[in-house]
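The structure file query-v7.txt is reproduced below (compact mmCIF, C-alpha atoms).
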# COMPACT_ATOMS: atom_id res chain seq x y z
CA MET A 1 89.28 132.21 85.87
CA ALA A 2 92.30 130.90 87.81
CA PHE A 3 91.96 131.10 91.60
CA LEU A 4 95.32 129.57 92.49
CA GLU A 5 98.04 130.30 89.95
CA ILE A 6 101.70 129.30 89.98
CA ARG A 7 103.91 131.11 87.48
CA ASN A 8 107.42 129.99 86.47
CA LEU A 9 108.20 128.71 89.96
CA SER A 10 111.65 127.32 90.69
CA LYS A 11 113.15 126.11 93.95
CA SER A 12 116.78 125.24 94.66
CA PHE A 13 118.51 123.93 97.77
CA GLY A 14 122.04 125.19 97.22
CA PRO A 15 123.23 123.80 93.88
CA VAL A 16 120.35 121.29 93.67
CA ASP A 17 117.35 122.32 91.55
CA VAL A 18 114.28 120.68 93.09
CA LEU A 19 111.57 122.49 91.08
CA ARG A 20 112.21 123.83 87.60
CA ASP A 21 110.01 126.52 86.04
CA ILE A 22 106.62 125.13 87.15
CA SER A 23 103.50 126.87 85.85
CA LEU A 24 99.96 125.67 86.55
CA GLU A 25 96.60 126.96 87.74
CA ILE A 26 93.33 125.80 89.25
CA GLU A 27 89.90 127.44 89.31
CA LYS A 28 88.01 128.27 92.51
CA GLY A 29 86.53 125.06 93.90
CA GLY A 30 88.92 122.92 91.86
CA PHE A 31 90.80 119.86 93.08
CA LEU A 32 94.44 119.89 91.94
CA VAL A 33 96.45 116.72 92.53
CA LEU A 34 100.26 116.79 92.39
CA VAL A 35 101.44 113.28 91.55
CA GLY A 36 104.73 111.62 90.78
CA PRO A 37 107.34 109.22 92.17
CA SER A 38 109.26 109.83 95.40
CA GLY A 39 111.69 112.71 95.10
CA CYS A 40 109.94 114.38 92.15
CA GLY A 41 109.32 117.65 94.05
CA LYS A 42 105.58 117.43 94.69
CA SER A 43 105.77 117.94 98.49
CA THR A 44 108.26 120.77 98.03
CA LEU A 45 105.82 122.46 95.64
CA LEU A 46 103.03 122.08 98.20
CA ASN A 47 105.29 123.54 100.90
CA THR A 48 106.02 126.59 98.75
CA ILE A 49 102.27 127.21 98.43
CA ALA A 50 101.93 126.85 102.21
CA GLY A 51 104.87 129.18 102.85
CA LEU A 52 106.86 126.48 104.63
CA GLU A 53 109.53 126.78 101.92
CA SER A 54 110.66 129.96 100.18
CA ILE A 55 110.88 130.00 96.40
CA THR A 56 113.98 130.76 94.36
CA LYS A 57 112.03 132.53 91.64
CA GLY A 58 108.48 132.77 90.30
CA GLU A 59 105.08 133.80 91.63
CA ILE A 60 102.22 132.22 93.59
CA HIS A 61 98.82 133.92 93.33
CA ILE A 62 95.67 133.19 95.35
CA ALA A 63 92.56 135.13 94.28
CA GLY A 64 94.77 137.49 92.26
CA ARG A 65 97.14 138.28 95.16
CA ASP A 66 100.83 137.34 95.00
CA ILE A 67 101.53 135.55 98.29
CA ALA A 68 105.04 134.28 97.54
CA GLY A 69 106.72 136.63 100.01
CA GLU A 70 104.11 136.35 102.78
CA PRO A 71 104.45 134.21 105.94
CA PRO A 72 102.19 131.12 106.27
CA SER A 73 99.91 132.88 108.75
CA LYS A 74 98.99 135.53 106.17
CA ARG A 75 98.22 133.17 103.27
CA ASP A 76 94.76 131.99 104.42
CA ILE A 77 95.51 128.32 103.76
CA ALA A 78 95.05 125.20 105.91
CA MET A 79 97.21 122.09 105.67
CA VAL A 80 96.52 118.44 106.48
CA PHE A 81 99.74 116.51 107.06
CA GLN A 82 100.63 112.88 106.43
CA SER A 83 101.44 112.44 110.14
CA TYR A 84 98.13 114.03 111.31
CA ALA A 85 100.15 116.29 113.70
CA LEU A 86 97.57 116.10 116.51
CA TYR A 87 98.32 117.24 120.06
CA PRO A 88 98.32 114.01 122.15
CA ASN A 89 97.39 115.75 125.40
CA MET A 90 94.28 117.40 123.90
CA THR A 91 90.87 115.92 123.19
CA VAL A 92 89.46 115.75 119.66
CA GLU A 93 87.36 118.83 120.44
CA GLN A 94 90.40 120.75 121.68
CA ASN A 95 92.52 119.70 118.68
CA ILE A 96 89.90 120.88 116.20
CA GLY A 97 89.30 124.18 118.00
CA PHE A 98 92.88 125.01 118.98
CA GLY A 99 93.58 127.29 116.03
CA MET A 100 90.39 129.25 116.61
CA GLU A 101 91.21 129.59 120.31
CA ILE A 102 94.66 131.00 119.48
CA ARG A 103 93.02 133.55 117.15
CA GLY A 104 90.65 134.63 119.92
CA VAL A 105 87.43 133.30 118.41
CA PRO A 106 84.67 133.42 121.10
CA LYS A 107 83.83 130.08 122.72
CA ASP A 108 80.23 129.93 121.47
CA GLU A 109 81.43 130.44 117.88
CA ARG A 110 84.14 127.82 118.39
CA ASP A 111 81.68 125.31 119.75
CA LYS A 112 79.28 125.87 116.87
CA ALA A 113 82.00 125.46 114.23
CA ILE A 114 83.44 122.36 115.94
CA GLY A 115 79.97 120.81 116.17
CA GLU A 116 79.20 121.42 112.49
CA VAL A 117 82.52 120.02 111.30
CA ALA A 118 82.31 117.03 113.63
CA GLU A 119 78.86 116.17 112.26
CA MET A 120 80.08 116.56 108.69
CA LEU A 121 83.02 114.20 109.34
CA GLN A 122 80.96 111.82 111.49
CA ILE A 123 83.20 112.19 114.53
CA ALA A 124 80.78 113.99 116.90
CA HIS A 125 80.80 110.96 119.22
CA LEU A 126 84.60 111.17 119.51
CA LEU A 127 84.96 114.77 120.66
CA LYS A 128 85.95 113.91 124.25
CA ARG A 129 88.52 111.29 123.28
CA LYS A 130 92.25 111.80 122.90
CA PRO A 131 94.24 110.84 119.77
CA SER A 132 95.66 107.70 121.42
CA GLN A 133 92.09 106.35 121.66
CA LEU A 134 91.42 106.76 117.94
CA SER A 135 92.03 104.62 114.87
CA GLY A 136 94.14 105.90 111.98
CA GLY A 137 91.08 106.83 109.97
CA GLN A 138 89.55 108.70 112.91
CA ARG A 139 92.77 110.63 113.49
CA GLN A 140 92.80 111.63 109.85
CA ARG A 141 89.24 112.93 110.16
CA VAL A 142 90.27 115.00 113.19
CA ALA A 143 93.19 116.47 111.23
CA MET A 144 90.78 117.32 108.42
CA GLY A 145 88.34 118.84 110.91
CA ARG A 146 91.02 121.10 112.30
CA ALA A 147 91.61 122.43 108.77
CA LEU A 148 87.92 122.72 107.90
CA VAL A 149 86.94 124.92 110.86
CA ARG A 150 89.32 127.58 109.60
CA ASP A 151 87.34 127.97 106.34
CA PRO A 152 90.50 128.99 104.40
CA GLN A 153 90.77 129.98 100.76
CA VAL A 154 92.84 126.88 99.91
CA PHE A 155 93.23 123.46 101.57
CA LEU A 156 96.56 121.65 101.21
CA PHE A 157 96.77 117.87 101.72
CA ASP A 158 100.22 116.22 101.95
CA GLU A 159 99.77 112.47 101.29
CA PRO A 160 97.03 112.29 103.95
CA LEU A 161 96.11 108.65 103.34
CA SER A 162 99.54 107.03 103.05
CA ASN A 163 99.56 105.78 106.66
CA LEU A 164 96.23 103.95 106.32
CA ASP A 165 95.63 100.34 105.31
CA ALA A 166 94.36 99.61 101.80
CA LYS A 167 90.62 99.35 102.57
CA LEU A 168 90.56 102.37 104.85
CA ARG A 169 92.48 104.36 102.25
CA VAL A 170 89.73 103.66 99.71
CA ASP A 171 87.03 104.61 102.24
CA MET A 172 88.76 107.86 103.17
CA ARG A 173 89.33 108.69 99.52
CA THR A 174 85.58 108.51 99.00
CA GLU A 175 85.02 110.70 102.06
CA ILE A 176 87.41 113.36 100.75
CA LYS A 177 85.68 113.27 97.37
CA ARG A 178 82.27 113.62 99.02
CA LEU A 179 83.55 116.45 101.22
CA HIS A 180 84.88 118.34 98.20
CA GLN A 181 81.59 117.95 96.33
CA ARG A 182 79.64 119.18 99.35
CA MET A 183 81.84 122.17 100.24
CA GLY A 184 83.18 123.24 96.84
CA ALA A 185 86.53 123.96 98.49
CA THR A 186 89.73 124.65 96.53
CA ILE A 187 92.15 121.80 97.26
CA VAL A 188 95.76 121.01 96.39
CA TYR A 189 96.55 117.38 97.17
CA VAL A 190 99.89 115.54 97.03
CA THR A 191 100.09 111.79 96.45
CA HIS A 192 102.34 109.20 94.84
CA ASP A 193 99.27 107.01 94.24
CA GLN A 194 98.02 107.53 90.70
CA ILE A 195 94.65 105.88 91.52
CA GLU A 196 94.06 108.60 94.15
CA ALA A 197 95.03 111.19 91.57
CA MET A 198 92.63 109.86 88.92
CA THR A 199 89.65 109.49 91.27
CA LEU A 200 89.95 112.77 93.20
CA ALA A 201 91.27 115.38 90.80
CA THR A 202 89.64 117.91 88.53
CA LYS A 203 93.20 118.67 87.32
CA ILE A 204 96.38 116.61 87.64
CA ALA A 205 99.99 117.82 87.53
CA VAL A 206 102.45 114.98 86.87
CA LEU A 207 105.98 115.72 88.08
CA LYS A 208 109.31 113.98 87.55
CA ASP A 209 112.75 115.18 88.67
CA GLY A 210 111.38 118.65 89.39
CA TYR A 211 109.88 119.12 85.93
CA LEU A 212 106.17 119.34 85.13
CA GLN A 213 105.60 116.48 82.68
CA GLN A 214 101.92 117.14 81.97
CA PHE A 215 99.06 119.21 83.36
CA GLY A 216 95.45 118.46 82.46
CA THR A 217 92.21 116.73 83.38
CA PRO A 218 92.30 113.07 84.47
CA ARG A 219 90.79 112.11 81.10
CA GLU A 220 93.48 114.00 79.19
CA ILE A 221 96.29 112.57 81.29
CA TYR A 222 94.97 109.02 80.88
CA ASN A 223 93.98 109.04 77.22
CA GLN A 224 96.53 111.48 75.78
CA PRO A 225 99.71 111.15 77.85
CA ALA A 226 102.32 113.71 76.81
CA ASN A 227 105.22 111.28 76.98
CA ILE A 228 106.25 107.73 77.82
CA PHE A 229 106.79 108.54 81.51
CA VAL A 230 103.20 109.78 81.98
CA ALA A 231 101.81 106.84 79.95
CA ASP A 232 103.68 104.36 82.12
CA PHE A 233 103.07 106.08 85.47
CA MET A 234 99.33 106.76 85.16
CA GLY A 235 96.99 103.76 85.05
CA SER A 236 96.79 100.40 86.78
CA PRO A 237 97.82 98.26 85.01
CA SER A 238 99.87 100.85 83.16
CA MET A 239 99.74 101.44 79.43
CA ASN A 240 101.34 98.80 77.20
CA LEU A 241 104.31 100.44 75.46
CA ILE A 242 105.27 98.23 72.53
CA PRO A 243 108.32 98.77 70.28
CA ALA A 244 106.95 98.62 66.73
CA ARG A 245 107.62 99.65 63.14
CA ILE A 246 105.40 101.58 60.73
CA GLU A 247 105.33 99.88 57.32
CA GLU A 248 103.69 100.29 53.94
CA TRP A 249 101.28 97.33 53.58
CA ASP A 250 98.74 96.75 50.82
CA GLY A 251 98.77 100.43 49.88
CA ALA A 252 98.25 101.60 53.45
CA LEU A 253 100.17 101.85 56.69
CA ALA A 254 100.56 98.99 59.15
CA ILE A 255 101.97 98.51 62.64
CA ALA A 256 104.48 95.65 62.65
CA MET A 257 105.35 94.01 65.98
CA LYS A 258 107.61 91.11 66.85
CA THR A 259 106.07 88.13 68.66
CA SER A 260 107.61 85.10 70.36
CA SER A 261 107.18 83.15 67.10
CA GLY A 262 107.61 85.79 64.39
CA GLU A 263 105.79 89.02 63.61
CA ILE A 264 102.25 90.36 63.35
CA ARG A 265 100.87 93.32 61.44
CA ILE A 266 97.71 95.30 62.00
CA ALA A 267 96.41 98.27 60.04
CA ALA A 268 97.62 101.59 61.48
CA PRO A 269 95.00 104.09 62.69
CA THR A 270 94.06 106.41 59.87
CA ARG A 271 93.25 109.28 62.28
CA ILE A 272 96.93 109.90 63.18
CA GLY A 273 98.39 111.73 60.20
CA ALA A 274 101.84 111.98 61.83
CA LEU A 275 102.34 108.26 61.22
CA LYS A 276 102.75 108.86 57.47
CA ALA A 277 106.07 110.59 58.11
CA ARG A 278 107.17 107.59 60.20
CA ALA A 279 106.79 104.99 57.42
CA GLY A 280 109.77 102.65 57.56
CA GLY A 281 110.72 103.91 61.03
CA GLU A 282 110.41 102.82 64.62
CA VAL A 283 107.73 103.98 67.06
CA ILE A 284 106.48 103.09 70.52
CA PHE A 285 102.89 101.87 70.19
CA GLY A 286 100.87 102.67 73.32
CA ILE A 287 97.63 100.90 74.12
CA ARG A 288 95.82 100.49 77.43
CA PRO A 289 95.01 96.94 78.62
CA GLU A 290 91.26 97.61 78.34
CA ALA A 291 91.73 98.52 74.66
CA LEU A 292 93.38 95.15 74.02
CA THR A 293 90.95 92.33 74.68
CA ASP A 294 89.15 89.28 73.38
CA PRO A 295 87.04 90.08 70.27
CA GLU A 296 83.74 89.46 72.07
CA GLY A 297 84.70 91.93 74.79
CA ALA A 298 85.89 94.66 72.42
CA ASP A 299 84.14 98.01 72.15
CA HIS A 300 81.85 97.45 69.17
CA THR A 301 81.27 101.20 68.83
CA GLY A 302 84.96 101.64 68.02
CA LYS A 303 85.68 103.08 64.58
CA GLN A 304 88.81 100.98 64.06
CA VAL A 305 89.22 97.68 65.87
CA GLU A 306 91.88 95.39 64.40
CA LYS A 307 92.49 91.71 65.24
CA ALA A 308 95.67 89.67 65.37
CA ASP A 309 96.55 86.21 66.69
CA CYS A 310 98.74 86.21 69.81
CA LEU A 311 100.21 83.48 72.02
CA ILE A 312 98.93 83.73 75.60
CA ASP A 313 101.71 83.07 78.12
CA VAL A 314 99.96 83.66 81.47
CA LEU A 315 96.41 84.23 82.70
CA GLU A 316 95.65 86.21 85.86
CA PRO A 317 91.98 85.96 86.93
CA ALA A 318 90.96 89.14 88.80
CA GLY A 319 87.28 88.59 89.55
CA SER A 320 85.48 90.89 87.15
CA ASP A 321 88.29 90.63 84.57
CA THR A 322 90.96 88.25 83.40
CA PHE A 323 94.37 89.66 82.54
CA ALA A 324 96.18 87.81 79.75
CA ILE A 325 99.90 88.29 79.19
CA THR A 326 101.45 87.92 75.76
CA GLN A 327 104.74 89.00 74.15
CA LEU A 328 104.80 91.84 71.61
CA GLY A 329 107.81 93.85 70.52
CA GLY A 330 109.98 91.87 72.91
CA LYS A 331 107.98 93.01 75.94
CA GLU A 332 105.25 91.59 78.15
CA VAL A 333 101.89 93.03 77.13
CA ILE A 334 98.70 92.87 79.20
CA ALA A 335 95.28 92.34 77.63
CA ARG A 336 92.18 92.88 79.77
CA MET A 337 89.60 90.23 78.94
CA ARG A 338 86.15 89.32 80.16
CA ALA A 339 86.12 87.10 83.25
CA ASP A 340 84.52 84.26 81.26
CA ALA A 341 86.70 84.58 78.14
CA SER A 342 87.53 81.13 76.75
CA VAL A 343 91.31 81.36 76.87
CA GLU A 344 93.99 79.06 78.23
CA PRO A 345 97.74 79.60 78.67
CA GLY A 346 99.66 78.31 75.67
CA GLN A 347 96.83 79.01 73.24
CA ILE A 348 97.13 81.25 70.19
CA VAL A 349 93.98 83.38 70.20
CA PRO A 350 92.76 86.49 68.37
CA LEU A 351 93.10 89.74 70.30
CA ALA A 352 91.20 92.90 69.40
CA PHE A 353 93.18 96.18 69.29
CA ASN A 354 90.93 99.23 69.70
CA LEU A 355 92.99 101.73 67.73
CA ASP A 356 90.64 104.58 68.65
CA LYS A 357 92.47 104.44 72.01
CA ALA A 358 96.00 104.00 70.63
CA VAL A 359 98.79 106.55 71.00
CA PHE A 360 102.29 106.62 69.53
CA PHE A 361 105.58 107.93 70.87
CA ASP A 362 108.91 108.86 69.35
CA PRO A 363 111.49 106.31 70.69
CA ALA A 364 114.24 108.97 70.74
CA THR A 365 112.45 111.89 72.45
CA GLU A 366 109.81 109.73 74.25
CA GLN A 367 107.24 112.44 73.40
CA ARG A 368 103.79 111.59 72.01
CA LEU A 369 103.41 111.96 68.26
CA VAL A 370 100.65 114.50 67.61

Can you turn what I pasted into structure tokens?
Amino acid sequence: MAFLEIRNLSKSFGPVDVLRDISLEIEKGGFLVLVGPSGCGKSTLLNTIAGLESITKGEIHIAGRDIAGEPPSKRDIAMVFQSYALYPNMTVEQNIGFGMEIRGVPKDERDKAIGEVAEMLQIAHLLKRKPSQLSGGQRQRVAMGRALVRDPQVFLFDEPLSNLDAKLRVDMRTEIKRLHQRMGATIVYVTHDQIEAMTLATKIAVLKDGYLQQFGTPREIYNQPANIFVADFMGSPSMNLIPARIEEWDGALAIAMKTSSGEIRIAAPTRIGALKARAGGEVIFGIRPEALTDPEGADHTGKQVEKADCLIDVLEPAGSDTFAITQLGGKEVIARMRADASVEPGQIVPLAFNLDKAVFFDPATEQRLV
């Protein structure tokens, strides 16, 4: 049953529509990530949940109660900001407990709650310090602690890790994941980083230009992107999107793709019936780099793995993998090979296409073919 539910929500600033008919929901204890490029409306959506922005139309329900017209103080939410928003003249202990002090919570209760949260976040030894004496990661933990002591119905995180360096961002991401697993809290989290979205979320909402592009589990978003934008935005490296043609070939269907020296054909996946109607027409063939690899590294449990010879232009060793770049359909395509794959730039080598993982898009509408 949905715990947080957004129904047909729209938000305009004057004549500018920032959010357009957004509907999504998350169960109690779920972790909803709002992801998309800058300016897509994800922070505005978070602010409407928090009550920091009014909505133009629609509904926002928490535990069955419509909170859209209520002030932030009545919504029983807590927010962690990108900027931490700590009081510089207060100690860590005072920052964490300030909200409880304002609400008149007795000192012994405050001290107990602060102590428990500080232990959970591993900042008990920092309680007497001021924010200027803390690292970025420590400040972020304090900001999280201030939210946690409130024990709200919903936690809102607005790009909380964007000010941290790369390694610390990964460490803090793990801490947030661990915290969610331990507490079972309901969280709405905004990020532009699709790796954060994939690793943290139980549900992902992908936004672009104020429209909800797709809403689903990380697995659904990654393996069955609704359109070309989602396919390209989610994943690192992103999905290969190859202009191709569906042809009749030896009594079956084939995918024909241009190469730097001509054209290759591989058998089309038999599981996608919609391709029959596309015979003789153009499609966008989507395949993730890990589903395009050297034959020895291919998934041998795959039901349909096809091979074709391709010219390797560039190799990029990446430790555990080697990324090989070739040209298909007039575009650069990335294959993810084993680190010890015997490949050199300039060689023509067989590549294995795992068509169990392939998806196809209509070039005109950019929507996935079902």

**OP:** List the neighbours of range 147-164 of chain A out to 8 Å using all atoms listed in the file; skip same-chain residues closer than 4 positions along the sequence, and give me the result as a VMD selection string.
**Re:** chain A and resid 43 46 50 62 76 to 84 96 to 97 99 to 100 113 to 114 117 136 to 137 140 143 168 to 169 172 to 173 185 to 192

Subject >> Close residues, Asp309 in chain A itself excluded, 7 Å, only C-alpha atoms, min 5 positions apart in chain, as a ChimeraX atom specification >> reply: /A:348-351

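Among the candidate residues A:Val343, A:Leu126, A:Val33, A:Ile49, the one lying nearest to Gln214 in chain A is A:Val33, with distances computed using all atoms listed in the file.
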
Subject >> Close residues, Arg7 in chain A itself excluded, 10 Å, only C-alpha atoms, min 5 positions apart in chain, as a list in words >> reply: Asp21, Ile22, Ser23, Leu24, Glu25, Lys57, Gly58, Glu59, Ile60 and His61 of chain A

**OP:** Excluding range 248-260 of chain A and any residue of its chain fewer than 6 positions from it, enumerate the residues within 9 Å of it, using only C-alpha atoms, and give them as a PyMOL selection string.
**Re:** chain A and resi 242+266-270+275-276+279-280+285+310-311+326-331

Any chance you can output those residues with C-alpha atoms as an mmCIF file, in the frame of the given file?
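Saved to again.cif:
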data_model
loop_
_atom_site.group_PDB
_atom_site.id
_atom_site.type_symbol
_atom_site.label_atom_id
_atom_site.label_comp_id
_atom_site.auth_asym_id
_atom_site.auth_seq_id
_atom_site.Cartn_x
_atom_site.Cartn_y
_atom_site.Cartn_z
ATOM 1 C CA ILE A 242 105.270 98.230 72.530
ATOM 2 C CA ILE A 266 97.710 95.300 62.000
ATOM 3 C CA ALA A 267 96.410 98.270 60.040
ATOM 4 C CA ALA A 268 97.620 101.590 61.480
ATOM 5 C CA PRO A 269 95.000 104.090 62.690
ATOM 6 C CA THR A 270 94.060 106.410 59.870
ATOM 7 C CA LEU A 275 102.340 108.260 61.220
ATOM 8 C CA LYS A 276 102.750 108.860 57.470
ATOM 9 C CA ALA A 279 106.790 104.990 57.420
ATOM 10 C CA GLY A 280 109.770 102.650 57.560
ATOM 11 C CA PHE A 285 102.890 101.870 70.190
ATOM 12 C CA CYS A 310 98.740 86.210 69.810
ATOM 13 C CA LEU A 311 100.210 83.480 72.020
ATOM 14 C CA THR A 326 101.450 87.920 75.760
ATOM 15 C CA GLN A 327 104.740 89.000 74.150
ATOM 16 C CA LEU A 328 104.800 91.840 71.610
ATOM 17 C CA GLY A 329 107.810 93.850 70.520
ATOM 18 C CA GLY A 330 109.980 91.870 72.910
ATOM 19 C CA LYS A 331 107.980 93.010 75.940
#

**OP:** Skip Gly216 in chain A itself and residues of its chain fewer than 3 positions away, then list as a list in words all residues within 12 Å of it, counting only C-alpha atoms.
**Re:** Leu24, Glu25, Ile26, Phe31, Leu32, Val33, Leu34, Ala197, Met198, Ala201, Thr202, Lys203, Ile204, Ala205, Val206, Leu212, Gln213, Arg219, Glu220, Ile221, Tyr222, Asn223, Gln224, Pro225, Ala226 and Val230 of chain A

Original post:
Quick one, how far is CA of Pro131 in chain A from CA of Asn95 in chain A?
Top reply: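 Atom-to-atom, CA of Pro131 in chain A to CA of Asn95 in chain A, that is 9.1 Å.
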
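Among the candidate residues A:Gln138, A:Ser320, A:Ser342, A:Gln194, the one lying nearest to Pro237 in chain A is A:Gln194, with distances computed using all atoms listed in the file.
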
Original post:
When distances are computed from only C-alpha atoms, which of A:Ala318, A:His125, A:Lys42, A:Arg288 shows the smallest separation from Gly235 in chain A?
Top reply: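 Among the listed residues, the smallest separation from Gly235 in chain A belongs to A:Arg288.
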
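Counting all atoms listed in the file, the residue from A:Ile55, A:Cys40, A:Ala63, A:Met183 that sits nearest to Ser10 in chain A is A:Ile55.
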
**OP:** Please identify all polymer residues lying at most 8 Å from the point (100.0, 103.9, 68.6) (file coordinates), using all atoms listed in the file, and present the result as a PyMOL selection string.
**Re:** chain A and resi 268-269+283-287+355+358-361

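If you measure from each of A:Ser12, A:Asp17, A:Leu4, A:Lys107 to Asp209 in chain A using all atoms listed in the file, the closest one turns out to be A:Asp17.
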
Original post:
To one decimal place, how far is CA of Thr322 in chain A from CA of Ala298 in chain A in Å?
Top reply: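 CA of Ala298 in chain A lies 13.7 Å from CA of Thr322 in chain A.
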
Original post:
Suppose you want the space between CA of Pro218 in chain A and CA of Ala291 in chain A; what is it in Å?
Top reply: 17.6 Å
